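Undergrad: Quick one, start-v3.cif (mmCIF, C-alpha atoms):
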```cif
data_structure
#
loop_
_atom_site.label_atom_id
_atom_site.label_comp_id
_atom_site.auth_asym_id
_atom_site.auth_seq_id
_atom_site.Cartn_x
_atom_site.Cartn_y
_atom_site.Cartn_z
CA MET A 1 301.22 0.56 177.32
CA GLY A 2 297.71 0.44 178.79
CA LEU A 3 297.35 -1.85 181.77
CA TYR A 4 300.64 -3.60 180.97
CA SER A 5 302.47 -0.88 182.89
CA GLY A 6 299.91 1.88 183.48
CA ARG A 7 298.76 0.58 186.84
CA ARG A 8 302.35 0.39 188.01
CA MET A 9 302.92 4.01 186.96
CA TRP A 10 299.85 5.02 188.94
CA ARG A 11 301.14 3.13 191.96
CA VAL A 12 304.58 4.74 191.92
CA PHE A 13 303.16 8.23 191.58
CA SER A 14 300.55 7.66 194.28
CA LEU A 15 303.20 6.40 196.69
CA ILE A 16 305.45 9.44 196.33
CA ASN A 17 302.86 12.23 196.12
CA ALA A 18 299.95 12.31 198.58
CA GLU A 19 297.93 14.93 196.69
CA TYR A 20 298.24 13.04 193.43
CA SER A 21 297.27 9.83 195.21
CA GLU A 22 293.92 11.35 196.17
CA THR A 23 293.02 12.45 192.65
CA ALA A 24 294.80 10.07 190.27
CA ASP A 25 292.63 7.69 188.27
CA PRO A 26 293.99 4.14 188.57
CA TYR A 27 291.93 3.14 185.53
CA VAL A 28 293.65 5.35 182.98
CA GLY A 29 295.07 2.17 181.48
CA PHE A 30 291.58 1.37 180.15
CA THR A 31 291.37 4.56 178.10
CA PRO A 32 292.40 4.85 174.42
CA SER A 33 295.99 5.86 173.74
CA THR A 34 294.76 9.19 172.38
CA CYS A 35 293.45 10.22 175.79
CA GLU A 36 295.43 11.94 178.50
CA SER A 37 297.69 9.53 180.34
CA TYR A 38 299.77 9.71 183.49
CA PRO A 39 302.39 12.47 183.65
CA PHE A 40 305.90 11.83 182.37
CA SER A 41 307.27 12.61 185.81
CA LEU A 42 306.07 13.82 189.19
CA ALA A 43 307.79 15.61 192.05
CA PRO A 44 307.73 13.60 195.29
CA ASP A 45 306.50 15.15 198.52
CA GLU A 46 309.99 14.70 199.96
CA ALA A 47 313.34 13.21 199.11
CA ILE A 48 313.01 9.44 198.76
CA SER A 49 315.48 7.34 200.69
CA LEU A 50 317.08 4.18 199.36
CA GLU A 51 314.82 2.21 201.68
CA GLY A 52 311.83 4.03 200.20
CA LEU A 53 312.89 3.19 196.65
CA PHE A 54 313.45 -0.44 197.57
CA ALA A 55 309.96 -0.54 199.11
CA ILE A 56 308.45 0.82 195.89
CA LEU A 57 310.28 -1.82 193.85
CA SER A 58 308.88 -4.49 196.22
CA ASP A 59 305.24 -3.39 195.92
CA HIS A 60 302.23 -5.60 195.14
CA TYR A 61 299.60 -2.83 195.50
CA GLU A 62 299.29 -3.67 199.18
CA GLY A 63 296.51 -1.71 200.88
CA THR A 64 294.77 -0.72 197.64
CA GLU A 65 291.76 -2.15 195.84
CA PHE A 66 294.23 -4.01 193.64
CA ASP A 67 296.07 -5.66 196.56
CA LEU A 68 297.44 -8.93 195.17
CA THR A 69 297.87 -10.47 198.62
CA ARG A 70 294.09 -10.64 199.01
CA GLY A 71 291.25 -12.51 197.35
CA LEU A 72 290.73 -16.00 196.01
CA ALA A 73 293.51 -15.71 193.43
CA ALA A 74 296.00 -15.12 196.27
CA GLY A 75 295.09 -18.52 197.66
CA PRO A 76 294.94 -19.42 201.34
CA PHE A 77 298.35 -17.92 202.11
CA GLY A 78 298.07 -14.45 200.54
CA ASN A 79 300.43 -15.11 197.65
CA PRO A 80 300.76 -11.96 195.49
CA ASN A 81 302.42 -13.78 192.59
CA ARG A 82 300.22 -14.35 189.55
CA PHE A 83 301.54 -16.56 186.77
CA GLU A 84 300.45 -16.17 183.15
CA GLY A 85 296.76 -17.00 182.96
CA HIS A 86 296.65 -19.46 180.08
CA GLN A 87 298.24 -22.86 179.54
CA LYS A 88 300.00 -23.76 176.33
CA GLY A 89 297.80 -25.70 173.97
CA THR A 90 294.55 -24.40 175.44
CA LYS A 91 292.16 -21.74 174.23
CA ARG A 92 293.18 -18.35 175.56
CA LEU A 93 290.48 -16.82 177.73
CA PRO A 94 289.90 -13.07 177.81
CA GLY A 95 291.07 -11.37 180.99
CA GLY A 96 294.21 -11.10 183.04
CA PHE A 97 295.76 -10.42 186.43
CA GLU A 98 297.22 -7.18 187.74
CA ARG A 99 300.93 -6.72 187.06
CA PRO A 100 302.66 -5.48 190.23
CA ILE A 101 305.87 -3.50 190.36
CA SER A 102 307.53 -6.58 191.86
CA ILE A 103 306.46 -9.14 189.28
CA TYR A 104 307.12 -12.81 190.02
CA ARG A 105 309.46 -13.33 187.06
CA GLY A 106 311.65 -10.29 187.70
CA THR A 107 315.29 -11.35 187.44
CA PHE A 108 316.95 -8.23 188.88
CA SER A 109 316.43 -4.62 189.93
CA PHE A 110 318.72 -1.71 190.66
CA VAL A 111 318.86 1.85 191.95
CA THR A 112 321.72 4.14 190.96
CA GLN A 113 323.05 6.68 193.45
CA SER A 114 325.51 9.51 192.95
CA SER A 115 326.66 12.47 195.04
CA SER A 116 328.41 15.70 194.14
CA SER A 117 330.31 15.46 197.41
CA LEU A 118 331.98 12.16 196.48
CA PRO A 119 334.50 11.20 193.79
CA ASP A 120 333.00 9.83 190.57
CA GLY A 121 334.45 6.41 191.25
CA VAL A 122 332.37 6.09 194.42
CA GLY A 123 329.08 6.31 192.53
CA VAL A 124 327.08 3.19 193.21
CA ALA A 125 324.45 0.98 191.64
CA TRP A 126 322.44 -0.87 194.27
CA TYR A 127 321.77 -4.19 192.60
CA GLY A 128 319.26 -6.80 193.72
CA GLN A 129 318.97 -10.34 192.39
CA ASP A 130 315.67 -11.96 191.37
CA GLN A 131 312.19 -10.65 192.27
CA PRO A 132 312.49 -7.31 194.12
CA ALA A 133 310.00 -8.22 196.86
CA GLY A 134 312.39 -10.90 198.07
CA SER A 135 315.66 -9.18 197.27
CA VAL A 136 318.47 -7.48 199.16
CA TRP A 137 320.42 -4.79 197.32
CA VAL A 138 324.21 -4.70 197.29
CA PRO A 139 326.52 -1.83 196.26
CA VAL A 140 328.41 -2.15 192.98
CA TYR A 141 330.68 0.86 192.59
CA ALA A 142 331.46 2.86 189.46
CA SER A 143 335.22 2.24 189.69
CA GLN A 144 334.85 -1.38 190.75
CA THR A 145 336.88 -3.66 188.48
CA LYS A 146 335.09 -6.98 189.06
CA VAL A 147 332.43 -8.79 191.06
CA PRO A 148 332.73 -12.26 192.60
CA ALA A 149 331.91 -15.32 190.52
CA GLU A 150 328.70 -16.07 192.44
CA PHE A 151 327.24 -12.77 191.26
CA LEU A 152 327.88 -13.59 187.60
CA TRP A 153 326.56 -17.15 187.57
CA GLY A 154 322.83 -17.48 187.10
CA LYS A 155 321.70 -19.78 184.30
CA GLN A 156 317.97 -20.22 184.70
CA SER A 157 318.22 -23.72 183.22
CA GLU A 158 320.85 -24.96 185.72
CA PHE A 159 320.35 -24.83 189.48
CA SER A 160 323.55 -23.87 191.30
CA ARG A 161 324.36 -23.24 194.94
CA ALA A 162 327.35 -21.26 193.69
CA SER A 163 325.01 -18.52 192.46
CA THR A 164 323.67 -15.48 194.30
CA TRP A 165 320.74 -15.30 191.89
CA TRP A 166 319.76 -18.88 192.60
CA ALA A 167 319.90 -18.27 196.36
CA PHE A 168 317.29 -15.53 196.08
CA ASN A 169 315.27 -17.32 193.42
CA PHE A 170 315.11 -20.45 195.57
CA VAL A 171 313.87 -18.59 198.65
CA ASN A 172 311.30 -16.70 196.58
CA ASN A 173 310.02 -19.95 195.09
CA TRP A 174 309.95 -21.82 198.41
CA MET A 175 307.69 -19.07 199.72
CA GLN A 176 305.06 -20.18 197.20
CA LEU A 177 304.29 -23.09 199.57
CA GLY A 178 302.98 -20.74 202.26
CA TYR A 179 303.69 -17.13 201.38
CA ASN A 180 302.32 -15.26 204.37
CA LYS A 181 303.55 -17.95 206.76
CA MET A 182 307.16 -17.42 205.66
CA LEU A 183 306.91 -13.70 204.95
CA GLY A 184 307.89 -12.60 208.45
CA ASP A 185 311.02 -14.75 208.49
CA VAL A 186 312.11 -13.51 205.07
CA GLN A 187 311.30 -9.87 205.77
CA ASP A 188 313.26 -9.98 209.03
CA ALA A 189 316.24 -11.48 207.20
CA ARG A 190 316.00 -8.86 204.45
CA ALA A 191 315.84 -5.96 206.89
CA LYS A 192 318.77 -7.27 208.93
CA ALA A 193 320.93 -7.94 205.87
CA GLN A 194 320.13 -4.58 204.25
CA ALA A 195 320.91 -2.64 207.42
CA GLU A 196 324.24 -4.43 207.77
CA ILE A 197 325.08 -3.74 204.13
CA PHE A 198 324.28 -0.04 204.50
CA SER A 199 326.59 0.12 207.52
CA VAL A 200 329.46 -1.63 205.74
CA HIS A 201 328.92 0.53 202.65
CA GLU A 202 329.34 3.72 204.67
CA LYS A 203 332.62 2.43 206.09
CA ILE A 204 333.92 1.42 202.66
CA VAL A 205 333.08 4.81 201.17
CA ALA A 206 334.61 6.65 204.13
CA VAL A 207 337.93 4.91 203.49
CA ALA A 208 337.85 5.07 199.69
CA LYS A 209 337.13 8.79 199.45
CA ARG A 210 340.19 9.61 201.56
CA VAL A 211 342.54 7.69 199.29
CA PRO A 212 344.21 10.04 196.77
CA VAL A 213 345.29 7.25 194.40
CA LYS A 214 342.36 6.21 192.18
CA SER A 215 343.64 2.69 191.60
CA LEU A 216 343.89 2.07 195.34
CA ALA A 217 340.42 3.50 195.94
CA SER A 218 339.10 1.21 193.20
CA TYR A 219 340.74 -1.76 194.89
CA ILE A 220 339.15 -0.86 198.23
CA LEU A 221 335.71 -0.52 196.66
CA THR A 222 336.06 -3.74 194.67
CA ARG A 223 337.19 -5.73 197.69
CA GLY A 224 334.48 -4.25 199.90
CA SER A 225 331.66 -4.90 197.45
CA SER A 226 332.87 -8.42 196.73
CA LYS A 227 332.96 -9.26 200.43
CA ILE A 228 329.39 -7.99 200.87
CA ILE A 229 328.17 -10.10 197.94
CA THR A 230 329.92 -13.26 199.08
CA GLU A 231 328.66 -12.98 202.66
CA LEU A 232 325.11 -12.22 201.51
CA THR A 233 325.12 -15.25 199.22
CA VAL A 234 326.20 -17.52 202.06
CA SER A 235 323.61 -16.07 204.42
CA TRP A 236 320.78 -16.43 201.89
CA TRP A 237 321.54 -20.08 201.27
CA SER A 238 321.54 -20.49 205.04
CA LEU A 239 318.12 -18.82 205.16
CA SER A 240 316.86 -21.21 202.48
CA GLU A 241 317.89 -24.20 204.59
CA LYS A 242 316.12 -22.78 207.63
CA LEU A 243 312.94 -22.25 205.61
CA ILE A 244 313.07 -25.80 204.23
CA ALA A 245 313.28 -27.23 207.73
CA LYS A 246 310.70 -24.90 209.25
CA PHE A 247 308.10 -24.96 206.47
CA SER A 248 307.65 -28.40 204.92
CA ASN A 249 304.81 -30.89 204.42
CA GLY A 250 302.23 -28.30 205.45
CA LEU A 251 303.84 -28.00 208.88
CA ILE A 252 305.68 -25.28 210.78
CA THR A 253 308.52 -26.83 212.76
CA THR A 254 310.47 -24.77 215.27
CA GLY A 255 312.05 -27.56 217.32
CA GLU A 256 311.92 -31.20 218.39
CA GLU A 257 309.97 -30.82 221.61
CA PRO A 258 306.21 -31.52 221.85
CA GLY A 259 304.15 -28.62 220.52
CA MET A 260 306.97 -27.32 218.31
CA ARG A 261 305.49 -28.81 215.13
CA VAL A 262 302.09 -27.48 214.10
CA GLY A 263 300.05 -27.52 210.92
CA GLN A 264 299.85 -24.42 208.73
CA GLY A 265 296.13 -24.92 208.33
CA TYR A 266 293.89 -22.85 206.07
CA PRO A 267 291.83 -19.70 206.78
CA ASN A 268 288.09 -20.25 207.19
CA TRP A 269 287.13 -17.98 204.29
CA TRP A 270 289.19 -20.10 201.91
CA LEU A 271 287.87 -23.39 203.29
CA LYS A 272 284.32 -22.19 202.67
CA ALA A 273 285.21 -20.96 199.17
CA VAL A 274 286.58 -24.35 198.09
CA GLY A 275 283.72 -26.40 199.54
CA TYR A 276 285.45 -27.71 202.65
CA THR A 277 282.34 -27.25 204.77
CA ALA A 278 280.24 -29.34 202.35
CA TRP A 279 282.14 -32.50 203.26
CA PRO A 280 281.19 -35.26 203.58
CA PRO A 281 278.82 -35.26 200.64
CA GLY A 282 275.38 -36.74 201.09
CA PRO A 283 274.55 -40.26 199.88
CA GLY A 284 273.93 -40.69 196.19
CA PRO A 285 270.71 -42.00 194.66
CA ALA A 286 269.65 -45.42 195.79
CA VAL A 287 270.77 -48.24 193.57
CA VAL A 288 268.03 -50.72 192.75
CA THR A 289 269.14 -54.22 191.91
CA ALA A 290 267.01 -56.94 190.41
#
```
How does this structure look as structure tokens?

TA:
Amino acid sequence: MGLYSGRRMWRVFSLINAEYSETADPYVGFTPSTCESYPFSLAPDEAISLEGLFAILSDHYEGTEFDLTRGLAAGPFGNPNRFEGHQKGTKRLPGGFERPISIYRGTFSFVTQSSSSLPDGVGVAWYGQDQPAGSVWVPVYASQTKVPAEFLWGKQSEFSRASTWWAFNFVNNWMQLGYNKMLGDVQDARAKAQAEIFSVHEKIVAVAKRVPVKSLASYILTRGSSKIITELTVSWWSLSEKLIAKFSNGLITTGEEPGMRVGQGYPNWWLKAVGYTAWPPGPGPAVVTA
């Protein structure tokens, strides 16, 4: 296990338990497997909401010494995604990058939720497509009989606008062009979509739990979940188009009037780090000709 997942275990535990956060050693992953490791489980300080669990799944160690949105490796736009360090056909160097909870190549995530006060068929798995940090979670119910086609299609070798997975994967990849420039737009869209989904979910469950016939309740849940998925897919493709128009060619475009198209630019610390301030270079040695 070591640092492959140990740091992520530390992060989860430190987020849910304040006392443990103050004493836990984030470097346990460096110790031999025979040494004491992190606990198997840990009681949280309080009940964790769905929003809290989604936030944990979306984490990049923000605010810690391992914060992946900071430092030279994050680039000029605070990109927390770290690809594999070596290139095929080259000598592998020792070392590595931190592995966040929301890793760049994550294809899905989910949180299961049940309640003793609800029928078994109303149990729900909150399912998110692609990397958690850019995902929105939708309810898929225990008695649901099917999901819409767009939720099933997701070949990684074939781009498709008919796919929910590709909608989220596209937005997450477009953000690579200027992560912290687009982050606000994407986070606002995520929060708005998730809040709307929670609201619709409550209405669906309220109706389904009053229906005495299980098959009818299943139909209500299936139809409700499918509608949520279809509408989210459409809205995320719409978001992708807005991001393409707003963030392209190193520019941020918000309209056609003067002053509504500005350069993204680079932060000064990064410009200094890459030698920007050393330009233009001085003249080379004099060339003597016969």

Undergrad: Adding 6 Å on each side of the box along x, y and z that holds all listed atoms of range 183-191 of chain A, could you give its centre and edge lengths in Å to one decimal, as JSON?

TA:
```
{"center_x": 311.6, "center_y": -10.4, "center_z": 206.7, "size_x": 21.3, "size_y": 20.8, "size_z": 16.6}
```

Undergrad: Rank A:Met260, A:Leu118, A:Ala74, A:Leu232 by their smallest atom-to-atom distance to Glu196 in chain A, using all atoms listed in the file, and report the top residue only.

TA: A:Leu232

Undergrad: On this structure, the PyMOL selection byres ((chain A and resi 83-90) around 12) would catch which residues? List them as a ChimeraX atom specification, sorted by chain and number.

TA: /A:73-74,79-82,91-100,103-106,176

Undergrad: Counting only C-alpha atoms, which of A:Val124, A:Ala278, A:Ala167, A:Ile204 gets nearest to Arg223 in chain A?

TA: A:Ile204

Undergrad: Rounded to one decimal place, report the CA of Asn172 in chain A-CA of Ala245 in chain A distance in Å.

TA: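 So the two atoms, CA of Asn172 in chain A and CA of Ala245 in chain A, lie 15.5 Å apart.
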
Undergrad: Tell me, in Å to one decimal, how far CA of Ala191 in chain A is from CA of Gly134 in chain A.

TA: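 Separation between CA of Ala191 in chain A and CA of Gly134 in chain A: 10.7 Å.
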
Undergrad: Give me the residues near Val12 in chain A as a PDB file with C-alpha atoms, in the frame of the given file, where near means some atom within 12 Å (using only C-alpha atoms) and where sequence neighbours in that chain fewer than 6 positions away do not count.

TA:
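File written: part31.pdb
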```pdb
ATOM      1  CA  SER A   5     302.470  -0.880 182.890  1.00  0.00           C
ATOM      2  CA  GLY A   6     299.910   1.880 183.480  1.00  0.00           C
ATOM      3  CA  ALA A  18     299.950  12.310 198.580  1.00  0.00           C
ATOM      4  CA  TYR A  20     298.240  13.040 193.430  1.00  0.00           C
ATOM      5  CA  SER A  21     297.270   9.830 195.210  1.00  0.00           C
ATOM      6  CA  ALA A  24     294.800  10.070 190.270  1.00  0.00           C
ATOM      7  CA  PRO A  26     293.990   4.140 188.570  1.00  0.00           C
ATOM      8  CA  TYR A  38     299.770   9.710 183.490  1.00  0.00           C
ATOM      9  CA  PRO A  39     302.390  12.470 183.650  1.00  0.00           C
ATOM     10  CA  PHE A  40     305.900  11.830 182.370  1.00  0.00           C
ATOM     11  CA  SER A  41     307.270  12.610 185.810  1.00  0.00           C
ATOM     12  CA  LEU A  42     306.070  13.820 189.190  1.00  0.00           C
ATOM     13  CA  ALA A  43     307.790  15.610 192.050  1.00  0.00           C
ATOM     14  CA  PRO A  44     307.730  13.600 195.290  1.00  0.00           C
ATOM     15  CA  ILE A  48     313.010   9.440 198.760  1.00  0.00           C
ATOM     16  CA  GLY A  52     311.830   4.030 200.200  1.00  0.00           C
ATOM     17  CA  LEU A  53     312.890   3.190 196.650  1.00  0.00           C
ATOM     18  CA  PHE A  54     313.450  -0.440 197.570  1.00  0.00           C
ATOM     19  CA  ALA A  55     309.960  -0.540 199.110  1.00  0.00           C
ATOM     20  CA  ILE A  56     308.450   0.820 195.890  1.00  0.00           C
ATOM     21  CA  LEU A  57     310.280  -1.820 193.850  1.00  0.00           C
ATOM     22  CA  SER A  58     308.880  -4.490 196.220  1.00  0.00           C
ATOM     23  CA  ASP A  59     305.240  -3.390 195.920  1.00  0.00           C
ATOM     24  CA  HIS A  60     302.230  -5.600 195.140  1.00  0.00           C
ATOM     25  CA  TYR A  61     299.600  -2.830 195.500  1.00  0.00           C
ATOM     26  CA  PRO A 100     302.660  -5.480 190.230  1.00  0.00           C
ATOM     27  CA  ILE A 101     305.870  -3.500 190.360  1.00  0.00           C
ATOM     28  CA  SER A 102     307.530  -6.580 191.860  1.00  0.00           C
TER      29      SER A 102
END
```

Undergrad: Scan for residues within 9 Å of the point (324.2, -1.4, 202.8) in the coordinates of the file, using all atoms listed in the file, and reply as a ChimeraX atom specification.

TA: /A:126,137-139,193-202,228

Undergrad: I'd like the contact shell of range 247-259 of chain A - 9 Å cut-off, all atoms listed in the file, skipping same-chain residues fewer than 6 positions apart - returned as a list in words.

TA: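 Everything that qualifies: Trp174, Met175, Leu177, Gly178, Lys181, Met182 and Gly265 of chain A.
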
Undergrad: So how far away is CA of Gly75 in chain A from CA of Thr107 in chain A, in Å?

TA: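 According to the coordinates, CA of Thr107 in chain A and CA of Gly75 in chain A are separated by 23.7 Å.
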
Undergrad: If we count only C-alpha atoms, what is near Thr23 in chain A at a cut-off of 12 Å, once residues fewer than 6 positions away on the same chain are taken out, given as a PyMOL selection string?

TA: chain A and resi 10+13-14+17+38

Undergrad: Those selected residues, please, written with C-alpha atoms and delivered as a PDB file, keeping the file's coordinate frame.

TA:
```
ATOM      1  CA  TRP A  10     299.850   5.020 188.940  1.00  0.00           C
ATOM      2  CA  PHE A  13     303.160   8.230 191.580  1.00  0.00           C
ATOM      3  CA  SER A  14     300.550   7.660 194.280  1.00  0.00           C
ATOM      4  CA  ASN A  17     302.860  12.230 196.120  1.00  0.00           C
ATOM      5  CA  TYR A  38     299.770   9.710 183.490  1.00  0.00           C
TER       6      TYR A  38
END
```

Undergrad: Apply the PyMOL selection byres ((chain A and resi 207) around 12) to the structure shown and report the selected residues as a list in words.

TA: Leu118, Val122, Val200, His201, Glu202, Lys203, Ile204, Val205, Ala206, Ala208, Lys209, Arg210, Val211, Pro212, Val213, Leu216, Ala217, Ser218, Tyr219, Ile220, Leu221 and Gly224 of chain A
